[in-house]
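Peer 1: Here's a structure for you.
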Amino acid sequence: MKEKEKGGWLPIVGLILLIAVLFAGVKLVFAGLEYVIPQDEGPEETGTWYQMYNERGEAVRYTLREPGEIDLSAPDIAQWMEQAAGELEQTPETEGIVFWLYRQDTDEYLLYLPDQDRSLLEGGLTASEETEEDSEVCLVLRARTPENSEPVAPEETLYCFATTSDSWNGIRVRVILDGREQEVRKLTSIGDRLYSTEETYIGRDRLEGSGT
């Protein structure tokens with residue numbers, strides 16, 4: 001009788017183990033699918049990085065994305081945008097003024113184009129490094145508005161840049177929008193504070209060099 005009872009339990013235990021193995025397998029499959037299939041970006045995602053090219057169509061060591069809510073809610077960016085808005089209100093002629101922020105903590109750059117009302121993603125912005133007369137390297141961003149680009153509100157024309165360049169020190173930048181050179185007003189942020197060029201060196205810390 002004891003042997004029969006013992007033998008009767010074995011199929012039940014085996015069935016329980018089989019169910020547990022199948023359940024674990026299903027979880028692994030779904031976990032794998034979540035990893036492979038891109039998920040919809042949440043409101044706090046920072047957006048997709050795009051490879052940048054120069055005017056000859058050659059890939060350069062710069063990437064570009066649109067800032068997301070996680071960026072815009074950051075204290076330094078919020079202060080920078082508020083300061084830019086106040087400066088535009090106080091300036092009689094705002095045409096041709098763009099704003100540039102270097103975030104030293106993340107080694108990223110933001111460009112605000114208040115006069116631009118169309119998206120410049122996917123080919124509208126090119127980047128090139130040009131050596132100036134004093135041998136300093138300048139980043140030149142040329143923006144050409146594609147005819148079929150999406151209309152956007154001027155306050156939404158924010159672009160974030162990153163670079164792995166070992167020659168540009170992060171200071172000199174020129175912005176040319178549809179063939180017209182813009183006046184670049186630069187600030188940098190360290191933590192939650194903003195600094196001007198007079199207050200601190202705004203170049204990339206890991207590179208040597210100086211400029212204005």
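Letters A, B, ... go to the chains of the structure tokens in the order shown; residues in each chain start at 1; ligands are counted from 1 in the same order.
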Give the strand (DSSP E or B) residues of stretch 90-178 of chain A, as assigned by DSSP on the backbone, as an NGL selection string.

Peer 2: :A and (97-103 or 108-112 or 118 or 125-131 or 137-143 or 151 or 158-163 or 173-177)

Peer 1: Could you name the residues that touch stretch 77-89 of chain A at 12 Å or less, counting only C-alpha atoms, but leaving out those on the same chain fewer than 5 positions away, as a PyMOL selection string?

Peer 2: chain A and resi 67-72+94-103+108-115+154-158+160+184-196

Peer 1: Between atom CA of A:Val152 and atom CA of A:Ser119, what is the distance in Å, rounded to a tenth?

Peer 2: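 For atom CA of A:Val152 relative to atom CA of A:Ser119, the distance reads 6.2 Å.
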
Peer 1: Compile the contact shell of A:Met52 as a PyMOL selection string: residues with an atom at most 6 Å away, counting only C-alpha atoms, same-chain residues fewer than 6 positions apart removed.

Peer 2: chain A and resi 60+62-63
